[in-house]
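Participant: Contents of final-v8.pdb (PDB, C-alpha atoms) are below:
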```
ATOM      1  CA  MET J   9       0.000   0.000   0.000  1.00  0.00           C
ATOM      2  CA  LEU J  10       2.741   2.465   0.929  1.00  0.00           C
ATOM      3  CA  GLN J  11       4.304   1.992  -2.502  1.00  0.00           C
ATOM      4  CA  HIS J  12       1.132   3.420  -4.059  1.00  0.00           C
ATOM      5  CA  VAL J  13       0.812   6.466  -1.823  1.00  0.00           C
ATOM      6  CA  HIS J  14       4.311   7.471  -0.791  1.00  0.00           C
ATOM      7  CA  GLU J  15       4.753   9.851  -3.746  1.00  0.00           C
ATOM      8  CA  SER J  16       1.645  11.862  -2.903  1.00  0.00           C
ATOM      9  CA  LEU J  17       2.270  11.698   0.849  1.00  0.00           C
ATOM     10  CA  GLY J  18       5.876  12.724   0.323  1.00  0.00           C
ATOM     11  CA  ALA J  19       4.797  15.665  -1.835  1.00  0.00           C
ATOM     12  CA  LEU J  20       2.291  16.761   0.794  1.00  0.00           C
ATOM     13  CA  ALA J  21       4.906  16.504   3.552  1.00  0.00           C
ATOM     14  CA  ALA J  22       7.421  18.458   1.460  1.00  0.00           C
ATOM     15  CA  ALA J  23       4.880  21.208   0.901  1.00  0.00           C
ATOM     16  CA  CYS J  24       4.050  21.328   4.618  1.00  0.00           C
ATOM     17  CA  TRP J  25       7.745  21.499   5.494  1.00  0.00           C
ATOM     18  CA  GLY J  26       8.197  24.481   3.196  1.00  0.00           C
ATOM     19  CA  ILE J  27      10.510  22.721   0.742  1.00  0.00           C
ATOM     20  CA  GLY J  28       8.815  24.586  -2.066  1.00  0.00           C
ATOM     21  CA  GLU J  29       6.692  23.737  -5.057  1.00  0.00           C
ATOM     22  CA  ARG J  30       9.554  22.359  -7.160  1.00  0.00           C
ATOM     23  CA  GLY J  31      10.735  20.036  -4.404  1.00  0.00           C
ATOM     24  CA  ALA J  32       7.198  18.831  -3.686  1.00  0.00           C
ATOM     25  CA  GLN J  33       6.594  18.219  -7.391  1.00  0.00           C
ATOM     26  CA  THR J  34       9.864  16.291  -7.650  1.00  0.00           C
ATOM     27  CA  ILE J  35       8.929  14.017  -4.767  1.00  0.00           C
ATOM     28  CA  GLY J  36       5.364  13.656  -6.043  1.00  0.00           C
ATOM     29  CA  THR J  37       6.414  12.507  -9.510  1.00  0.00           C
ATOM     30  CA  HIS J  38       9.631  10.559  -8.969  1.00  0.00           C
ATOM     31  CA  HIS J  39       8.158   7.172  -9.926  1.00  0.00           C
ATOM     32  CA  ARG J  40       7.605   8.488 -13.460  1.00  0.00           C
ATOM     33  CA  LEU J  41       4.552   6.239 -13.863  1.00  0.00           C
ATOM     34  CA  GLY J  42       1.956   6.297 -16.583  1.00  0.00           C
ATOM     35  CA  THR J  43       1.338   5.202 -20.110  1.00  0.00           C
ATOM     36  CA  GLU J  44       2.534   8.482 -21.600  1.00  0.00           C
ATOM     37  CA  ARG J  45       5.937  10.066 -21.373  1.00  0.00           C
ATOM     38  CA  PRO J  46       6.049  12.255 -18.248  1.00  0.00           C
ATOM     39  CA  SER J  47       7.086  15.861 -18.616  1.00  0.00           C
ATOM     40  CA  ALA J  48      10.786  16.563 -18.263  1.00  0.00           C
ATOM     41  CA  ASN J  49      11.822  17.011 -14.653  1.00  0.00           C
ATOM     42  CA  PRO J  50      15.562  16.430 -14.128  1.00  0.00           C
ATOM     43  CA  MET J  51      15.194  16.448 -10.352  1.00  0.00           C
ATOM     44  CA  ALA J  52      12.490  13.751 -10.422  1.00  0.00           C
ATOM     45  CA  GLU J  53      14.588  11.776 -12.886  1.00  0.00           C
ATOM     46  CA  ALA J  54      17.571  11.930 -10.522  1.00  0.00           C
ATOM     47  CA  VAL J  55      15.445  10.734  -7.591  1.00  0.00           C
ATOM     48  CA  TYR J  56      14.001   7.947  -9.761  1.00  0.00           C
ATOM     49  CA  LEU J  57      17.484   6.818 -10.789  1.00  0.00           C
ATOM     50  CA  ALA J  58      18.807   6.983  -7.223  1.00  0.00           C
ATOM     51  CA  GLU J  59      15.859   4.959  -5.936  1.00  0.00           C
ATOM     52  CA  ARG J  60      16.351   2.297  -8.626  1.00  0.00           C
ATOM     53  CA  ALA J  61      20.074   2.145  -7.842  1.00  0.00           C
ATOM     54  CA  ASP J  62      19.330   1.786  -4.134  1.00  0.00           C
ATOM     55  CA  HIS J  63      16.801  -1.001  -4.755  1.00  0.00           C
ATOM     56  CA  ALA J  64      19.296  -2.906  -6.927  1.00  0.00           C
ATOM     57  CA  GLU J  65      22.014  -2.462  -4.284  1.00  0.00           C
ATOM     58  CA  GLN J  66      19.714  -3.676  -1.497  1.00  0.00           C
ATOM     59  CA  ARG J  67      18.808  -6.788  -3.532  1.00  0.00           C
ATOM     60  CA  GLY J  68      22.431  -7.417  -4.490  1.00  0.00           C
ATOM     61  CA  GLU J  69      21.558  -7.112  -8.179  1.00  0.00           C
ATOM     62  CA  PRO J  70      23.345  -5.186 -10.930  1.00  0.00           C
ATOM     63  CA  LEU J  71      21.688  -1.968 -12.040  1.00  0.00           C
ATOM     64  CA  ASP J  72      20.442  -2.285 -15.621  1.00  0.00           C
ATOM     65  CA  LEU J  73      20.790   1.333 -16.723  1.00  0.00           C
ATOM     66  CA  GLU J  74      19.271   0.682 -20.166  1.00  0.00           C
ATOM     67  CA  ALA J  75      16.111  -0.748 -18.560  1.00  0.00           C
ATOM     68  CA  VAL J  76      15.954   2.052 -15.994  1.00  0.00           C
ATOM     69  CA  TRP J  77      16.160   4.633 -18.795  1.00  0.00           C
ATOM     70  CA  ARG J  78      13.373   2.988 -20.804  1.00  0.00           C
ATOM     71  CA  GLN J  79      11.076   2.410 -17.846  1.00  0.00           C
ATOM     72  CA  GLY J  80      11.588   5.878 -16.363  1.00  0.00           C
ATOM     73  CA  TRP J  81      11.508   7.839 -19.641  1.00  0.00           C
ATOM     74  CA  LEU J  82      14.763   9.476 -18.556  1.00  0.00           C
ATOM     75  CA  SER J  83      16.554  12.185 -20.501  1.00  0.00           C
ATOM     76  CA  GLY J  84      20.305  12.161 -20.901  1.00  0.00           C
ATOM     77  CA  THR J  85      22.003   8.860 -21.618  1.00  0.00           C
ATOM     78  CA  PRO J  86      22.682   5.692 -19.677  1.00  0.00           C
ATOM     79  CA  ALA J  87      26.322   5.958 -20.810  1.00  0.00           C
ATOM     80  CA  ALA J  88      26.702   9.339 -19.077  1.00  0.00           C
ATOM     81  CA  ALA J  89      25.201   7.905 -15.882  1.00  0.00           C
ATOM     82  CA  ALA J  90      27.536   4.891 -16.055  1.00  0.00           C
ATOM     83  CA  ALA J  91      30.560   7.171 -16.505  1.00  0.00           C
ATOM     84  CA  PHE J  92      29.497   9.263 -13.510  1.00  0.00           C
ATOM     85  CA  ARG J  93      28.928   6.129 -11.424  1.00  0.00           C
ATOM     86  CA  ASP J  94      32.378   4.856 -12.339  1.00  0.00           C
ATOM     87  CA  GLU J  95      33.959   8.207 -11.399  1.00  0.00           C
ATOM     88  CA  MET J  96      32.237   8.139  -8.002  1.00  0.00           C
ATOM     89  CA  ARG J  97      33.344   4.564  -7.358  1.00  0.00           C
ATOM     90  CA  ALA J  98      36.953   5.452  -8.248  1.00  0.00           C
ATOM     91  CA  ALA J  99      36.865   8.512  -5.990  1.00  0.00           C
ATOM     92  CA  ALA J 100      35.500   6.448  -3.112  1.00  0.00           C
ATOM     93  CA  GLY J 101      38.438   4.095  -3.455  1.00  0.00           C
TER      94      GLY J 101
END
```
Would you mind writing the file out in structure tokens?
Facilitator:
Amino acid sequence: MLQHVHESLGALAAACWGIGERGAQTIGTHHRLGTERPSANPMAEAVYLAERADHAEQRGEPLDLEAVWRQGWLSGTPAAAAAFRDEMRAAAG
């Protein structure tokens, strides 16, 4: 049940906490669900990607960036995300 309402509850909480309209909208649309391409929202896309990466990590599974891009209608490229990920891993040692 929480999976189906946490976007809207998160958006409401963000608005109540004074995070601002853009932050509330980002939280409220980060699942990028629907049958039509969602409107561009780089912040929501970043949260979507981070959540997918976290889920894969928690399950001990590799992150399929190509699938994440298709399913989330993300802008940018999976290759750019992979390069950034690799940079962060190298910096972390």
Participant: Tell me which residues the PyMOL selection byres ((chain J and resi 71) around 12) grabs here, as a list in words.
Facilitator: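 Output from the PyMOL selection byres ((chain J and resi 71) around 12), applied to this file: Leu57, Ala58, Glu59, Arg60, Ala61, Asp62, His63, Ala64, Glu65, Gln66, Arg67, Gly68, Glu69, Pro70, Asp72, Leu73, Glu74, Ala75, Val76, Trp77, Pro86, Ala89, Ala90 and Arg93 of chain J.
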Participant: Once the PyMOL selection byres ((chain J and resi 39-55) around 12) has been applied to the shown file, what residues remain in the selection, as a PyMOL selection string?
Facilitator: chain J and resi 11-16+18-19+30-38+56-62+76-85+89
Participant: Would you compute the distance between atom CA of J:Ala87 and atom CA of J:Gly101? Give it in Å to one decimal.
Facilitator: 21.2 Å
Participant: I'd like the box whose edges run along x, y and z of the file and which contains every listed atom of stretch 48-58 of chain J, padded by 5 Å per side; could you state its centre and edge lengths in Å, one decimal, as lines of an AutoDock Vina configuration file?
Facilitator:
```
center_x = 14.8
center_y = 11.9
center_z = -12.7
size_x = 18.0
size_y = 20.2
size_z = 21.0
```
Participant: Calculate how many Å separate atom CA of J:Ala100 from atom CA of J:Ala88, rounding to one decimal.
Facilitator: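 Spanning atom CA of J:Ala100 to atom CA of J:Ala88 is a straight-line distance of 18.5 Å.
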Participant: Place N, CA and C atoms on stretch 49-68 of chain J and deliver the coordinates as an mmCIF file, in the frame of the given file.
Facilitator:
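Done, and the output landed in out18.cif:
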```cif
data_model
loop_
_atom_site.group_PDB
_atom_site.id
_atom_site.type_symbol
_atom_site.label_atom_id
_atom_site.label_comp_id
_atom_site.auth_asym_id
_atom_site.auth_seq_id
_atom_site.Cartn_x
_atom_site.Cartn_y
_atom_site.Cartn_z
ATOM 1 N N ASN J 49 11.577 16.514 -16.000
ATOM 2 C CA ASN J 49 11.822 17.011 -14.653
ATOM 3 C C ASN J 49 13.134 16.377 -14.186
ATOM 4 N N PRO J 50 14.263 17.027 -14.471
ATOM 5 C CA PRO J 50 15.562 16.430 -14.128
ATOM 6 C C PRO J 50 15.693 16.043 -12.665
ATOM 7 N N MET J 51 15.095 16.805 -11.767
ATOM 8 C CA MET J 51 15.194 16.448 -10.352
ATOM 9 C C MET J 51 14.447 15.144 -10.075
ATOM 10 N N ALA J 52 13.244 14.988 -10.621
ATOM 11 C CA ALA J 52 12.490 13.751 -10.422
ATOM 12 C C ALA J 52 13.207 12.580 -11.072
ATOM 13 N N GLU J 53 13.825 12.830 -12.220
ATOM 14 C CA GLU J 53 14.588 11.776 -12.886
ATOM 15 C C GLU J 53 15.756 11.327 -12.015
ATOM 16 N N ALA J 54 16.438 12.263 -11.391
ATOM 17 C CA ALA J 54 17.571 11.930 -10.522
ATOM 18 C C ALA J 54 17.113 11.114 -9.313
ATOM 19 N N VAL J 55 15.978 11.486 -8.729
ATOM 20 C CA VAL J 55 15.445 10.734 -7.591
ATOM 21 C C VAL J 55 15.026 9.335 -8.042
ATOM 22 N N TYR J 56 14.391 9.245 -9.207
ATOM 23 C CA TYR J 56 14.001 7.947 -9.761
ATOM 24 C C TYR J 56 15.231 7.049 -9.933
ATOM 25 N N LEU J 57 16.263 7.584 -10.547
ATOM 26 C CA LEU J 57 17.484 6.818 -10.789
ATOM 27 C C LEU J 57 18.133 6.393 -9.468
ATOM 28 N N ALA J 58 18.206 7.305 -8.525
ATOM 29 C CA ALA J 58 18.807 6.983 -7.223
ATOM 30 C C ALA J 58 18.015 5.892 -6.506
ATOM 31 N N GLU J 59 16.695 5.967 -6.585
ATOM 32 C CA GLU J 59 15.859 4.959 -5.936
ATOM 33 C C GLU J 59 16.053 3.594 -6.594
ATOM 34 N N ARG J 60 16.123 3.566 -7.918
ATOM 35 C CA ARG J 60 16.351 2.297 -8.626
ATOM 36 C C ARG J 60 17.728 1.726 -8.285
ATOM 37 N N ALA J 61 18.731 2.594 -8.203
ATOM 38 C CA ALA J 61 20.074 2.145 -7.842
ATOM 39 C C ALA J 61 20.084 1.582 -6.423
ATOM 40 N N ASP J 62 19.400 2.246 -5.516
ATOM 41 C CA ASP J 62 19.330 1.786 -4.134
ATOM 42 C C ASP J 62 18.626 0.433 -4.055
ATOM 43 N N HIS J 63 17.523 0.277 -4.774
ATOM 44 C CA HIS J 63 16.801 -1.001 -4.755
ATOM 45 C C HIS J 63 17.690 -2.130 -5.273
ATOM 46 N N ALA J 64 18.403 -1.888 -6.370
ATOM 47 C CA ALA J 64 19.296 -2.906 -6.927
ATOM 48 C C ALA J 64 20.392 -3.262 -5.911
ATOM 49 N N GLU J 65 20.965 -2.244 -5.283
ATOM 50 C CA GLU J 65 22.014 -2.462 -4.284
ATOM 51 C C GLU J 65 21.484 -3.297 -3.120
ATOM 52 N N GLN J 66 20.300 -2.955 -2.629
ATOM 53 C CA GLN J 66 19.714 -3.676 -1.497
ATOM 54 C C GLN J 66 19.434 -5.141 -1.839
ATOM 55 N N ARG J 67 19.093 -5.415 -3.093
ATOM 56 C CA ARG J 67 18.808 -6.788 -3.532
ATOM 57 C C ARG J 67 20.080 -7.514 -3.976
ATOM 58 N N GLY J 68 21.192 -6.810 -4.029
ATOM 59 C CA GLY J 68 22.431 -7.417 -4.490
ATOM 60 C C GLY J 68 22.423 -7.710 -5.981
#
```
